[in-house]
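See below for protein_8.txt, which holds compact mmCIF, C-alpha atoms (C1' of nucleotides).
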```txt
# COMPACT_ATOMS: atom_id res chain seq x y z
CA MET A 291 -9.25 -8.56 -9.26
CA LYS A 292 -9.75 -5.76 -6.87
CA LEU A 293 -6.95 -4.81 -4.52
CA LYS A 294 -7.26 -7.38 -1.78
CA SER A 295 -8.70 -6.01 1.41
CA PHE A 296 -7.40 -7.14 4.77
CA GLU A 297 -10.68 -7.02 6.60
CA HIS A 298 -11.29 -10.73 6.38
CA PHE A 299 -8.20 -11.51 8.44
CA ASN A 300 -9.00 -12.09 12.08
CA CYS A 301 -6.12 -9.92 13.14
CA SER A 302 -6.22 -6.52 14.74
CA LEU A 303 -3.18 -5.42 12.80
CA ALA A 304 -4.87 -6.32 9.53
CA GLN A 305 -8.02 -4.48 10.65
CA THR A 306 -5.95 -1.41 11.36
CA LEU A 307 -4.22 -1.65 8.02
CA SER A 308 -7.55 -1.85 6.25
CA VAL A 309 -8.25 1.63 7.64
CA ILE A 310 -4.87 3.37 7.59
CA GLY A 311 -2.80 1.11 5.37
CA GLU A 312 -3.42 2.62 1.98
CA HIS A 313 -0.94 4.75 0.11
CA TRP A 314 -0.98 8.35 1.47
CA THR A 315 -3.35 7.70 4.35
CA MET A 316 -0.84 7.88 7.20
CA LEU A 317 0.64 11.07 5.76
CA ILE A 318 -2.78 12.68 5.63
CA ILE A 319 -3.22 11.74 9.27
CA ARG A 320 0.17 13.17 10.12
CA ASP A 321 -0.80 16.44 8.46
CA ALA A 322 -4.01 16.43 10.43
CA PHE A 323 -1.98 16.00 13.63
CA PHE A 324 0.01 19.06 12.64
CA GLY A 325 -3.09 21.11 12.20
CA LEU A 326 -4.00 20.92 8.54
CA ARG A 327 -7.70 20.82 8.02
CA ARG A 328 -8.64 21.71 4.49
CA PHE A 329 -8.59 19.91 1.20
CA ASP A 330 -6.11 22.21 -0.51
CA GLN A 331 -3.83 22.25 2.52
CA PHE A 332 -3.47 18.48 2.40
CA GLN A 333 -3.14 18.56 -1.36
CA SER A 334 -0.36 21.10 -1.53
CA SER A 335 1.43 19.79 1.52
CA LEU A 336 1.66 16.29 0.12
CA GLY A 337 1.47 16.77 -3.62
CA ILE A 338 -1.15 14.04 -3.71
CA ALA A 339 -3.47 13.76 -6.70
CA ARG A 340 -6.76 15.48 -5.98
CA ASN A 341 -8.92 12.51 -6.89
CA VAL A 342 -6.94 10.22 -4.64
CA LEU A 343 -7.09 12.70 -1.78
CA SER A 344 -10.81 12.89 -2.27
CA VAL A 345 -11.16 9.14 -1.98
CA ARG A 346 -8.86 8.95 1.06
CA LEU A 347 -10.64 11.70 2.97
CA LYS A 348 -13.98 10.11 2.26
CA LYS A 349 -12.84 6.80 3.65
CA LEU A 350 -11.24 8.35 6.71
CA VAL A 351 -14.49 10.15 7.47
CA GLN A 352 -16.44 6.99 6.87
CA THR A 353 -14.24 4.99 9.22
CA GLY A 354 -14.43 7.69 11.87
CA VAL A 355 -10.80 8.75 11.89
CA LEU A 356 -11.61 12.23 10.61
CA ALA A 357 -14.75 14.28 11.00
CA LYS A 358 -15.89 16.59 8.23
CA SER A 359 -17.45 19.86 9.27
CA GLU A 360 -21.05 20.27 8.20
CA GLY A 361 -23.03 23.39 7.49
CA PRO A 362 -21.88 26.40 5.54
CA GLY A 363 -18.31 27.40 4.84
CA HIS A 364 -15.52 25.37 3.37
CA PRO A 365 -15.32 21.85 4.67
CA GLU A 366 -12.77 21.08 7.35
CA TYR A 367 -11.42 17.71 8.34
CA ARG A 368 -10.35 17.11 11.92
CA LEU A 369 -9.14 14.13 13.84
CA THR A 370 -11.74 12.47 15.98
CA GLU A 371 -10.88 10.81 19.24
CA LYS A 372 -10.40 7.63 17.27
CA GLY A 373 -8.02 9.46 14.98
CA LEU A 374 -6.11 11.07 17.81
CA ALA A 375 -5.63 7.61 19.25
CA LEU A 376 -3.38 6.87 16.29
CA GLN A 377 -0.73 9.10 17.81
CA PRO A 378 1.30 6.22 19.25
CA VAL A 379 1.32 4.56 15.85
CA MET A 380 2.50 7.75 14.21
CA ILE A 381 5.16 8.41 16.81
CA ALA A 382 6.39 4.83 16.79
CA MET A 383 6.80 4.98 13.04
CA THR A 384 8.49 8.37 13.22
CA HIS A 385 10.85 7.12 15.87
CA TRP A 386 11.82 4.10 13.81
CA GLY A 387 12.54 6.31 10.83
CA ASP A 388 14.62 8.64 12.98
CA THR A 389 16.66 5.71 14.18
CA TYR A 390 17.11 3.62 11.06
CA LEU A 391 16.60 6.05 8.19
CA PRO A 392 17.96 9.21 9.74
CA HIS A 393 18.52 12.56 8.18
CA PRO A 394 22.26 13.26 7.90
CA ASP A 395 21.96 16.44 9.94
CA GLY A 396 20.17 14.88 12.88
CA LYS A 397 16.69 14.47 14.21
CA ARG A 398 13.92 16.12 12.30
CA LEU A 399 11.41 16.36 15.10
CA THR A 400 11.39 15.78 18.81
CA PHE A 401 8.22 15.19 20.72
CA VAL A 402 8.10 16.84 24.11
CA ASP A 403 5.76 17.01 27.06
CA ARG A 404 3.94 20.27 26.65
CA LYS A 405 3.94 20.85 30.36
CA ASP A 406 7.65 20.89 31.00
CA GLY A 407 9.16 20.69 27.52
CA LYS A 408 11.00 17.47 28.33
CA PRO A 409 11.24 14.82 25.62
CA ILE A 410 8.77 12.00 25.90
CA LYS A 411 9.91 8.58 26.93
CA PRO A 412 11.24 6.69 23.93
CA VAL A 413 8.53 4.71 22.22
CA GLY A 414 8.79 1.08 23.13
CA ILE A 415 7.28 -1.78 24.98
CA TYR A 416 7.26 -1.60 28.73
CA ALA A 417 6.49 -4.23 31.33
CA ALA A 418 3.85 -3.62 33.94
CA ASP A 419 6.58 -2.60 36.38
CA GLY A 420 8.03 -0.11 33.91
CA ARG A 421 11.03 -2.11 32.66
CA ARG A 422 11.74 -1.63 29.01
CA LEU A 423 11.22 -4.93 27.17
CA LYS A 424 13.20 -6.09 24.19
CA PRO A 425 11.42 -7.75 21.27
CA LYS A 426 12.23 -11.27 22.40
CA GLU A 427 11.10 -10.68 25.96
CA ILE A 428 7.50 -10.63 24.84
CA LYS A 429 5.06 -13.44 24.26
CA ALA A 430 1.69 -13.37 22.54
CA LYS A 431 -1.27 -15.11 24.11
CA ALA A 432 -4.43 -15.95 22.21
CA GLY A 433 -7.55 -14.25 23.50
CA PRO A 434 -11.26 -15.10 23.16
CA GLY A 435 -11.60 -13.25 19.86
CA LEU A 436 -9.01 -15.35 18.10
CA GLN A 437 -11.19 -17.95 16.47
CA ASP A 438 -9.23 -18.86 13.43
CA ILE A 439 -6.05 -19.77 15.19
CA ALA A 440 -4.59 -21.43 12.16
CA LEU A 441 -1.78 -18.97 11.73
CA PHE A 442 -1.16 -18.70 15.41
CA GLU A 443 -0.95 -22.45 15.79
CA ARG A 444 1.14 -22.90 12.74
CA SER A 445 3.70 -20.46 14.00
CA VAL A 446 6.94 -22.10 14.87
CA PRO A 447 8.40 -20.99 18.20
CA ALA A 448 8.81 -17.48 16.89
CA GLU A 449 11.29 -14.89 16.16
CA GLY A 450 10.75 -12.01 18.48
CA ILE A 451 7.39 -13.04 19.82
CA GLU A 452 7.12 -16.51 21.12
CA ARG A 453 3.65 -17.88 21.16
CA SER A 454 2.22 -19.00 24.42
CA GLU A 455 1.62 -22.74 24.86
CA MET B 231 3.36 8.11 -13.63
CA LYS B 232 4.94 5.70 -11.31
CA LEU B 233 3.48 5.25 -7.87
CA LYS B 234 4.81 8.23 -5.97
CA SER B 235 7.50 7.40 -3.49
CA PHE B 236 7.68 9.14 -0.15
CA GLU B 237 11.43 9.20 0.12
CA HIS B 238 11.76 12.81 -0.97
CA PHE B 239 9.80 14.05 2.04
CA ASN B 240 12.02 15.25 4.84
CA CYS B 241 9.94 13.41 7.38
CA SER B 242 10.82 10.35 9.37
CA LEU B 243 7.31 9.03 9.11
CA ALA B 244 7.44 9.27 5.33
CA GLN B 245 10.82 7.55 5.33
CA THR B 246 9.38 4.74 7.39
CA LEU B 247 6.39 4.43 5.10
CA SER B 248 8.65 4.19 2.09
CA VAL B 249 10.01 1.00 3.65
CA ILE B 250 6.99 -0.59 5.33
CA GLY B 251 4.09 1.33 3.83
CA GLU B 252 3.30 -0.79 0.82
CA HIS B 253 0.35 -3.11 0.58
CA TRP B 254 1.08 -6.40 2.40
CA THR B 255 4.43 -5.36 3.85
CA MET B 256 3.36 -4.93 7.48
CA LEU B 257 1.55 -8.27 7.38
CA ILE B 258 4.66 -10.00 6.10
CA ILE B 259 6.55 -8.45 8.99
CA ARG B 260 3.89 -9.58 11.41
CA ASP B 261 4.19 -13.11 10.10
CA ALA B 262 7.95 -12.88 10.51
CA PHE B 263 7.42 -11.83 14.13
CA PHE B 264 5.31 -14.92 14.62
CA GLY B 265 8.04 -17.13 13.28
CA LEU B 266 7.31 -17.64 9.62
CA ARG B 267 10.47 -17.76 7.58
CA ARG B 268 9.86 -19.26 4.19
CA PHE B 269 8.35 -18.09 0.97
CA ASP B 270 5.48 -20.55 0.90
CA GLN B 271 4.70 -19.98 4.56
CA PHE B 272 4.16 -16.29 3.95
CA GLN B 273 2.30 -17.00 0.76
CA SER B 274 -0.20 -19.43 2.21
CA SER B 275 -0.59 -17.55 5.45
CA LEU B 276 -1.54 -14.34 3.69
CA GLY B 277 -2.91 -15.48 0.36
CA ILE B 278 -0.69 -12.92 -1.30
CA ALA B 279 0.13 -13.27 -5.00
CA ARG B 280 3.49 -14.93 -5.44
CA ASN B 281 4.93 -12.25 -7.69
CA VAL B 282 4.00 -9.52 -5.23
CA LEU B 283 5.43 -11.49 -2.32
CA SER B 284 8.62 -11.89 -4.29
CA VAL B 285 8.90 -8.15 -4.82
CA ARG B 286 8.09 -7.36 -1.20
CA LEU B 287 10.61 -9.79 0.23
CA LYS B 288 13.30 -8.47 -2.09
CA LYS B 289 12.71 -4.94 -0.94
CA LEU B 290 12.60 -5.87 2.73
CA VAL B 291 15.94 -7.62 2.35
CA GLN B 292 17.34 -4.68 0.45
CA THR B 293 16.23 -2.23 3.12
CA GLY B 294 17.63 -4.43 5.88
CA VAL B 295 14.39 -5.35 7.60
CA LEU B 296 14.73 -9.01 6.72
CA ALA B 297 17.83 -11.07 6.12
CA LYS B 298 17.78 -13.86 3.57
CA SER B 299 19.77 -16.95 4.42
CA GLU B 300 22.57 -17.71 2.03
CA GLY B 301 24.22 -20.98 1.15
CA PRO B 302 22.49 -24.27 0.38
CA GLY B 303 19.00 -25.19 1.45
CA HIS B 304 15.78 -23.34 0.94
CA PRO B 305 16.01 -19.64 1.56
CA GLU B 306 14.78 -18.32 4.88
CA TYR B 307 13.83 -14.79 5.75
CA ARG B 308 14.36 -13.52 9.26
CA LEU B 309 13.93 -10.21 10.98
CA THR B 310 17.13 -8.31 11.49
CA GLU B 311 17.65 -6.07 14.50
CA LYS B 312 16.25 -3.27 12.37
CA GLY B 313 13.21 -5.39 11.64
CA LEU B 314 12.73 -6.41 15.25
CA ALA B 315 12.76 -2.73 16.13
CA LEU B 316 9.45 -2.44 14.31
CA GLN B 317 7.77 -4.27 17.17
CA PRO B 318 6.42 -1.10 18.81
CA VAL B 319 4.90 -0.07 15.49
CA MET B 320 3.29 -3.44 15.09
CA ILE B 321 1.98 -3.54 18.62
CA ALA B 322 0.71 0.04 18.50
CA MET B 323 -1.24 -0.77 15.36
CA THR B 324 -2.55 -3.99 16.82
CA HIS B 325 -3.63 -2.20 19.97
CA TRP B 326 -5.48 0.46 17.98
CA GLY B 327 -7.30 -2.22 16.03
CA ASP B 328 -8.20 -4.05 19.23
CA THR B 329 -9.67 -0.87 20.64
CA TYR B 330 -11.47 0.65 17.68
CA LEU B 331 -12.11 -2.27 15.34
CA PRO B 332 -12.56 -5.05 17.84
CA HIS B 333 -13.60 -8.60 17.29
CA PRO B 334 -17.08 -9.19 18.72
CA ASP B 335 -15.82 -11.95 20.99
CA GLY B 336 -13.04 -9.94 22.56
CA LYS B 337 -9.35 -9.45 22.23
CA ARG B 338 -7.58 -11.54 19.65
CA LEU B 339 -4.11 -11.40 21.14
CA THR B 340 -2.54 -10.19 24.33
CA PHE B 341 1.12 -9.40 24.61
CA VAL B 342 2.69 -10.43 27.86
CA ASP B 343 6.05 -10.15 29.53
CA ARG B 344 7.66 -13.51 28.96
CA LYS B 345 9.25 -13.47 32.37
CA ASP B 346 6.14 -13.24 34.52
CA GLY B 347 3.31 -13.58 32.00
CA LYS B 348 1.87 -10.20 32.94
CA PRO B 349 0.40 -8.06 30.17
CA ILE B 350 2.64 -5.32 28.90
CA LYS B 351 1.89 -1.72 29.68
CA PRO B 352 -0.63 -0.36 27.22
CA VAL B 353 1.03 1.18 24.21
CA GLY B 354 1.04 4.92 24.48
CA ILE B 355 3.06 8.01 24.98
CA TYR B 356 4.66 8.49 28.36
CA ALA B 357 6.35 11.50 29.89
CA ALA B 358 9.87 11.27 31.22
CA ASP B 359 8.45 10.78 34.73
CA GLY B 360 6.18 7.97 33.57
CA ARG B 361 2.86 9.83 33.36
CA ARG B 362 0.70 8.77 30.48
CA LEU B 363 0.29 11.64 28.06
CA LYS B 364 -2.80 12.35 26.02
CA PRO B 365 -2.47 13.39 22.37
CA LYS B 366 -2.87 17.09 23.09
CA GLU B 367 -0.33 17.09 25.90
CA ILE B 368 2.48 16.69 23.39
CA LYS B 369 4.33 19.26 21.34
CA ALA B 370 6.67 18.76 18.41
CA LYS B 371 9.93 20.65 18.26
CA ALA B 372 11.97 21.01 15.09
CA GLY B 373 15.41 19.44 15.22
CA PRO B 374 18.58 20.09 13.22
CA GLY B 375 17.61 17.67 10.46
CA LEU B 376 14.42 19.51 9.61
CA GLN B 377 15.63 21.68 6.80
CA ASP B 378 12.55 22.11 4.75
CA ILE B 379 10.36 23.44 7.48
CA ALA B 380 7.71 24.62 5.08
CA LEU B 381 5.07 22.26 6.30
CA PHE B 382 6.04 22.63 9.89
CA GLU B 383 5.88 26.41 9.67
CA ARG B 384 2.68 26.38 7.71
CA SER B 385 1.00 24.28 10.31
CA VAL B 386 -1.63 26.16 12.16
CA PRO B 387 -1.54 25.71 15.92
CA ALA B 388 -2.22 22.01 15.65
CA GLU B 389 -4.71 19.43 16.46
CA GLY B 390 -3.17 17.04 18.89
CA ILE B 391 0.39 18.14 18.48
CA GLU B 392 1.05 21.79 18.91
CA ARG B 393 4.14 22.99 17.24
CA SER B 394 6.76 24.66 19.32
CA GLU B 395 7.18 28.42 18.80
C1' DA C 107 -23.34 40.61 -9.18
C1' DT C 108 -18.95 39.40 -10.42
C1' DA C 109 -14.32 37.62 -9.80
C1' DG C 110 -11.47 34.68 -7.54
C1' DA C 111 -10.57 30.95 -4.35
C1' DT C 112 -11.64 26.46 -2.68
C1' DA C 113 -13.41 21.75 -3.28
C1' DG C 114 -14.09 18.53 -5.58
C1' DT C 115 -15.18 15.28 -10.25
C1' DT C 116 -14.16 13.33 -14.80
C1' DG C 117 -11.32 11.21 -18.37
C1' DC C 118 -7.22 9.20 -19.79
C1' DA C 119 -2.46 7.09 -19.58
C1' DT C 120 0.43 4.22 -16.77
C1' DT C 121 1.69 1.36 -12.90
C1' DA C 122 0.71 -2.14 -9.46
C1' DT C 123 -1.86 -6.04 -8.12
C1' DG C 124 -4.23 -10.75 -8.55
C1' DA C 125 -4.29 -15.03 -10.61
C1' DA C 126 -2.60 -18.85 -13.05
C1' DA C 127 0.76 -21.15 -15.57
C1' DC C 128 5.47 -21.93 -16.15
C1' DT C 129 10.58 -22.59 -14.93
C1' DA C 130 14.29 -23.54 -11.78
C1' DT C 131 16.33 -25.26 -7.78
C1' DA C 132 16.33 -28.24 -3.66
C1' DT C 133 14.93 -32.25 -1.20
C1' DT C 134 13.36 -36.93 -0.74
C1' DA C 135 12.43 -41.71 -2.22
C1' DG C 136 13.82 -45.60 -4.55
C1' DC D 6 22.53 -41.84 -8.86
C1' DT D 7 18.06 -41.02 -10.83
C1' DA D 8 13.29 -39.96 -10.61
C1' DA D 9 9.66 -37.77 -8.27
C1' DT D 10 8.15 -34.20 -5.46
C1' DA D 11 8.37 -29.92 -2.91
C1' DT D 12 9.85 -25.25 -2.67
C1' DA D 13 10.95 -20.77 -4.72
C1' DG D 14 10.43 -18.03 -7.61
C1' DT D 15 9.35 -15.73 -12.81
C1' DT D 16 6.38 -14.70 -16.66
C1' DT D 17 2.14 -13.42 -18.75
C1' DC D 18 -2.14 -11.35 -18.88
C1' DA D 19 -6.45 -8.92 -17.19
C1' DT D 20 -8.00 -5.48 -14.06
C1' DA D 21 -7.80 -1.98 -10.56
C1' DA D 22 -5.45 1.97 -8.39
C1' DT D 23 -2.67 5.96 -9.05
C1' DG D 24 -0.98 10.39 -11.30
C1' DC D 25 -2.11 14.17 -13.99
C1' DA D 26 -4.66 17.68 -16.24
C1' DA D 27 -8.78 19.77 -17.26
C1' DC D 28 -13.31 20.64 -15.97
C1' DT D 29 -17.41 21.79 -12.90
C1' DA D 30 -19.45 23.36 -8.68
C1' DT D 31 -19.57 25.86 -4.57
C1' DC D 32 -18.11 29.30 -1.43
C1' DT D 33 -16.04 34.03 -0.25
C1' DA D 34 -14.91 38.64 -0.95
C1' DT D 35 -15.46 42.94 -3.37
```

Please, can you express the file's structure as structure tokens?
Amino acid sequence: MKLKSFEHFNCSLAQTLSVIGEHWTMLIIRDAFFGLRRFDQFQSSLGIARNVLSVRLKKLVQTGVLAKSEGPGHPEYRLTEKGLALQPVMIAMTHWGDTYLPHPDGKRLTFVDRKDGKPIKPVGIYAADGRRLKPKEIKAKAGPGLQDIALFERSVPAEGIERSE
Amino acid sequence: MKLKSFEHFNCSLAQTLSVIGEHWTMLIIRDAFFGLRRFDQFQSSLGIARNVLSVRLKKLVQTGVLAKSEGPGHPEYRLTEKGLALQPVMIAMTHWGDTYLPHPDGKRLTFVDRKDGKPIKPVGIYAADGRRLKPKEIKAKAGPGLQDIALFERSVPAEGIERSE
DNA sequence: ATAGATAGTTGCATTATGAAACTATATTAG
DNA sequence: CTAATATAGTTTCATAATGCAACTATCTAT
């Protein structure tokens, strides 16, 4: 009765969750984005149990999200390109929290373009021509990799994402 | 020794995770996006244990992500506006999985603009003028709600997101 | 070489999950 | 209206994951 893994789902979201979906993992990645690199930095920043941190870091290295420095000196963990690519996920989640679970005093963090200091465009879904799309203005289409289309087919005309015929 | 909650962190990402970060929760939300509404639909779609599903649904209703139908008839769970606003999170995660944990046969799903059927703009971070920004082209600035700036201050000059001076 | 700091590992108590059986409510068939 | 079935949970129990503290090992500085 192991904790059920999501890897068997043919679903990119489930695949992603199997890598970053465990307790603490996203917060470790956030810390890495903010420059933390060493075991004790993560540990004291998060208050995570050391054994759990150990397991999480190992898996993140194994899945290629973090790279562990080799050679002499204390180990350091840094985001790989694959890990850096999680930035939109992190910012989307942060933005949702800012909006729906806000701090009473106002925004905690703002993300700005380093070049000119202007805030980034709000996270969201945009059409090819740049229009901002609302949840129900989007459809999902099955691609070649969707073999087990059971769920997709079973879906009734959808709430938010209508399936394509 | 309860499972540690993230609510005490003054961090919008942690707040978000305290709502959607538990095992199974994001997949339930995905199913809701694809139109599933009833207990047994979620259960058989995911293969989740019924007691766990029960707990998850209760919490999602309590946090306002899902709304449970009242009155007679079998209960139905639907995304609220707050829940629909998780779409960018879901799509960002799906996109990352498509890119870095792909199915051998190709993309599983494509999201398209319902109006013209064209694929949406790739999920990412965009500058105010529309330029696509890479991870390291972004800085984080502390806002008024960031009272405990310990972590933020401790952060060394950052990997991916440089903190503002 | 020694002392302290950093990076883990080990062992144990508790909580959360997985699975199956059980109960309760709602719907359908007769 | 009643009986049968479907749906929506709850309960119980075994196991795995987490939290915590103590321990060991490795690295760094003096």

Hey, could you lay chain B over chain A with a least-squares C-alpha fit (all atoms, paired in order) and save it as a tab-separated table (two decimals) with C-alpha atoms, in the coordinates of the input?
```tsv
chain	number	residue	atom	x	y	z
B	231	MET	CA	-9.18	-8.66	-9.27
B	232	LYS	CA	-9.74	-5.82	-6.96
B	233	LEU	CA	-6.99	-4.83	-4.59
B	234	LYS	CA	-7.28	-7.37	-1.82
B	235	SER	CA	-8.71	-6.01	1.37
B	236	PHE	CA	-7.40	-7.13	4.73
B	237	GLU	CA	-10.69	-6.99	6.56
B	238	HIS	CA	-11.30	-10.72	6.36
B	239	PHE	CA	-8.22	-11.49	8.44
B	240	ASN	CA	-9.01	-12.08	12.07
B	241	CYS	CA	-6.13	-9.91	13.14
B	242	SER	CA	-6.21	-6.51	14.74
B	243	LEU	CA	-3.18	-5.40	12.80
B	244	ALA	CA	-4.88	-6.30	9.53
B	245	GLN	CA	-8.01	-4.47	10.65
B	246	THR	CA	-5.95	-1.40	11.38
B	247	LEU	CA	-4.21	-1.62	8.03
B	248	SER	CA	-7.53	-1.83	6.26
B	249	VAL	CA	-8.23	1.64	7.66
B	250	ILE	CA	-4.85	3.38	7.60
B	251	GLY	CA	-2.78	1.11	5.39
B	252	GLU	CA	-3.41	2.64	2.00
B	253	HIS	CA	-0.92	4.76	0.14
B	254	TRP	CA	-0.95	8.34	1.49
B	255	THR	CA	-3.34	7.71	4.37
B	256	MET	CA	-0.83	7.88	7.23
B	257	LEU	CA	0.64	11.08	5.79
B	258	ILE	CA	-2.78	12.68	5.65
B	259	ILE	CA	-3.22	11.74	9.29
B	260	ARG	CA	0.16	13.17	10.13
B	261	ASP	CA	-0.79	16.42	8.46
B	262	ALA	CA	-4.02	16.42	10.45
B	263	PHE	CA	-1.98	16.00	13.63
B	264	PHE	CA	0.02	19.05	12.64
B	265	GLY	CA	-3.11	21.09	12.20
B	266	LEU	CA	-4.00	20.92	8.55
B	267	ARG	CA	-7.73	20.80	8.04
B	268	ARG	CA	-8.66	21.66	4.50
B	269	PHE	CA	-8.59	19.88	1.20
B	270	ASP	CA	-6.11	22.17	-0.50
B	271	GLN	CA	-3.85	22.23	2.53
B	272	PHE	CA	-3.47	18.47	2.41
B	273	GLN	CA	-3.15	18.53	-1.33
B	274	SER	CA	-0.37	21.08	-1.52
B	275	SER	CA	1.42	19.78	1.53
B	276	LEU	CA	1.66	16.28	0.14
B	277	GLY	CA	1.46	16.76	-3.61
B	278	ILE	CA	-1.15	14.03	-3.70
B	279	ALA	CA	-3.46	13.76	-6.71
B	280	ARG	CA	-6.75	15.45	-5.99
B	281	ASN	CA	-8.90	12.47	-6.91
B	282	VAL	CA	-6.92	10.18	-4.63
B	283	LEU	CA	-7.07	12.69	-1.79
B	284	SER	CA	-10.81	12.86	-2.27
B	285	VAL	CA	-11.14	9.10	-1.97
B	286	ARG	CA	-8.85	8.93	1.06
B	287	LEU	CA	-10.63	11.67	2.96
B	288	LYS	CA	-13.99	10.07	2.25
B	289	LYS	CA	-12.84	6.78	3.65
B	290	LEU	CA	-11.24	8.34	6.71
B	291	VAL	CA	-14.49	10.13	7.47
B	292	GLN	CA	-16.44	6.95	6.88
B	293	THR	CA	-14.22	4.97	9.22
B	294	GLY	CA	-14.42	7.68	11.88
B	295	VAL	CA	-10.79	8.76	11.89
B	296	LEU	CA	-11.61	12.21	10.60
B	297	ALA	CA	-14.76	14.26	11.01
B	298	LYS	CA	-15.89	16.55	8.22
B	299	SER	CA	-17.46	19.82	9.27
B	300	GLU	CA	-21.03	20.26	8.18
B	301	GLY	CA	-23.02	23.38	7.51
B	302	PRO	CA	-21.90	26.41	5.52
B	303	GLY	CA	-18.32	27.37	4.85
B	304	HIS	CA	-15.55	25.33	3.37
B	305	PRO	CA	-15.35	21.81	4.67
B	306	GLU	CA	-12.79	21.05	7.34
B	307	TYR	CA	-11.43	17.69	8.34
B	308	ARG	CA	-10.39	17.08	11.91
B	309	LEU	CA	-9.15	14.11	13.85
B	310	THR	CA	-11.76	12.46	15.98
B	311	GLU	CA	-10.88	10.81	19.27
B	312	LYS	CA	-10.40	7.63	17.28
B	313	GLY	CA	-8.03	9.46	14.98
B	314	LEU	CA	-6.12	11.08	17.82
B	315	ALA	CA	-5.63	7.62	19.26
B	316	LEU	CA	-3.38	6.88	16.30
B	317	GLN	CA	-0.73	9.12	17.82
B	318	PRO	CA	1.30	6.24	19.27
B	319	VAL	CA	1.33	4.58	15.86
B	320	MET	CA	2.49	7.76	14.24
B	321	ILE	CA	5.16	8.43	16.81
B	322	ALA	CA	6.40	4.83	16.80
B	323	MET	CA	6.81	5.00	13.05
B	324	THR	CA	8.49	8.37	13.23
B	325	HIS	CA	10.86	7.12	15.89
B	326	TRP	CA	11.81	4.08	13.82
B	327	GLY	CA	12.53	6.30	10.84
B	328	ASP	CA	14.62	8.63	12.99
B	329	THR	CA	16.67	5.69	14.19
B	330	TYR	CA	17.12	3.61	11.07
B	331	LEU	CA	16.60	6.04	8.20
B	332	PRO	CA	17.95	9.20	9.75
B	333	HIS	CA	18.53	12.55	8.19
B	334	PRO	CA	22.26	13.24	7.90
B	335	ASP	CA	21.97	16.41	9.97
B	336	GLY	CA	20.18	14.82	12.88
B	337	LYS	CA	16.72	14.43	14.23
B	338	ARG	CA	13.95	16.10	12.30
B	339	LEU	CA	11.43	16.36	15.11
B	340	THR	CA	11.40	15.79	18.82
B	341	PHE	CA	8.22	15.21	20.75
B	342	VAL	CA	8.13	16.86	24.12
B	343	ASP	CA	5.79	17.01	27.07
B	344	ARG	CA	3.96	20.28	26.64
B	345	LYS	CA	3.95	20.91	30.35
B	346	ASP	CA	7.68	20.94	31.00
B	347	GLY	CA	9.18	20.71	27.51
B	348	LYS	CA	11.01	17.50	28.34
B	349	PRO	CA	11.26	14.85	25.63
B	350	ILE	CA	8.80	12.02	25.93
B	351	LYS	CA	9.95	8.58	26.94
B	352	PRO	CA	11.26	6.71	23.93
B	353	VAL	CA	8.55	4.73	22.22
B	354	GLY	CA	8.80	1.10	23.13
B	355	ILE	CA	7.29	-1.77	24.97
B	356	TYR	CA	7.28	-1.58	28.73
B	357	ALA	CA	6.51	-4.21	31.33
B	358	ALA	CA	3.86	-3.61	33.96
B	359	ASP	CA	6.61	-2.56	36.40
B	360	GLY	CA	8.07	-0.09	33.92
B	361	ARG	CA	11.06	-2.09	32.66
B	362	ARG	CA	11.77	-1.64	29.01
B	363	LEU	CA	11.24	-4.91	27.19
B	364	LYS	CA	13.21	-6.09	24.20
B	365	PRO	CA	11.42	-7.74	21.27
B	366	LYS	CA	12.23	-11.27	22.40
B	367	GLU	CA	11.11	-10.67	25.96
B	368	ILE	CA	7.49	-10.61	24.84
B	369	LYS	CA	5.05	-13.43	24.24
B	370	ALA	CA	1.68	-13.36	22.53
B	371	LYS	CA	-1.27	-15.11	24.10
B	372	ALA	CA	-4.44	-15.95	22.20
B	373	GLY	CA	-7.56	-14.24	23.48
B	374	PRO	CA	-11.25	-15.11	23.14
B	375	GLY	CA	-11.62	-13.25	19.85
B	376	LEU	CA	-9.02	-15.34	18.08
B	377	GLN	CA	-11.21	-17.92	16.47
B	378	ASP	CA	-9.26	-18.83	13.43
B	379	ILE	CA	-6.08	-19.74	15.17
B	380	ALA	CA	-4.64	-21.43	12.13
B	381	LEU	CA	-1.82	-19.00	11.69
B	382	PHE	CA	-1.18	-18.69	15.36
B	383	GLU	CA	-0.98	-22.45	15.77
B	384	ARG	CA	1.10	-22.90	12.67
B	385	SER	CA	3.63	-20.44	13.91
B	386	VAL	CA	6.87	-22.07	14.79
B	387	PRO	CA	8.35	-20.96	18.09
B	388	ALA	CA	8.71	-17.39	16.91
B	389	GLU	CA	11.20	-14.81	16.13
B	390	GLY	CA	10.74	-11.97	18.52
B	391	ILE	CA	7.38	-12.98	19.85
B	392	GLU	CA	7.10	-16.47	21.15
B	393	ARG	CA	3.64	-17.82	21.17
B	394	SER	CA	2.21	-19.00	24.42
B	395	GLU	CA	1.75	-22.77	24.80
```

>> Please list as a PyMOL selection string every residue within 10 Å of segment 282-290 of chain B, counting all atoms listed in the file and excluding residues in the same chain fewer than 3 positions away.
In response: (chain B and resi 249-250+252-255+258-259+269-270+272-273+276-279+293-298+307+309+313) or (chain C and resi 122-124) or (chain D and resi 13-15)

> Could you list as an NGL selection string every residue that has an atom within 9 Å of (9.9, -1.3, 16.7), using the file's coordinates and counting only C-alpha atoms (C1' of nucleotides)?
Replying inline: (:A and (382-383 or 385-386 or 413-415 or 425)) or (:B and (312-321))

>> Taking all atoms listed in the file into account, find every residue of chain A that has an atom no more than 8 Å from chain D, and write it out as a list in words.
In response: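 Residues passing the distance filter: Met291, Lys292, Leu293, Ala339, Val342, Gly363 and His364 of chain A.
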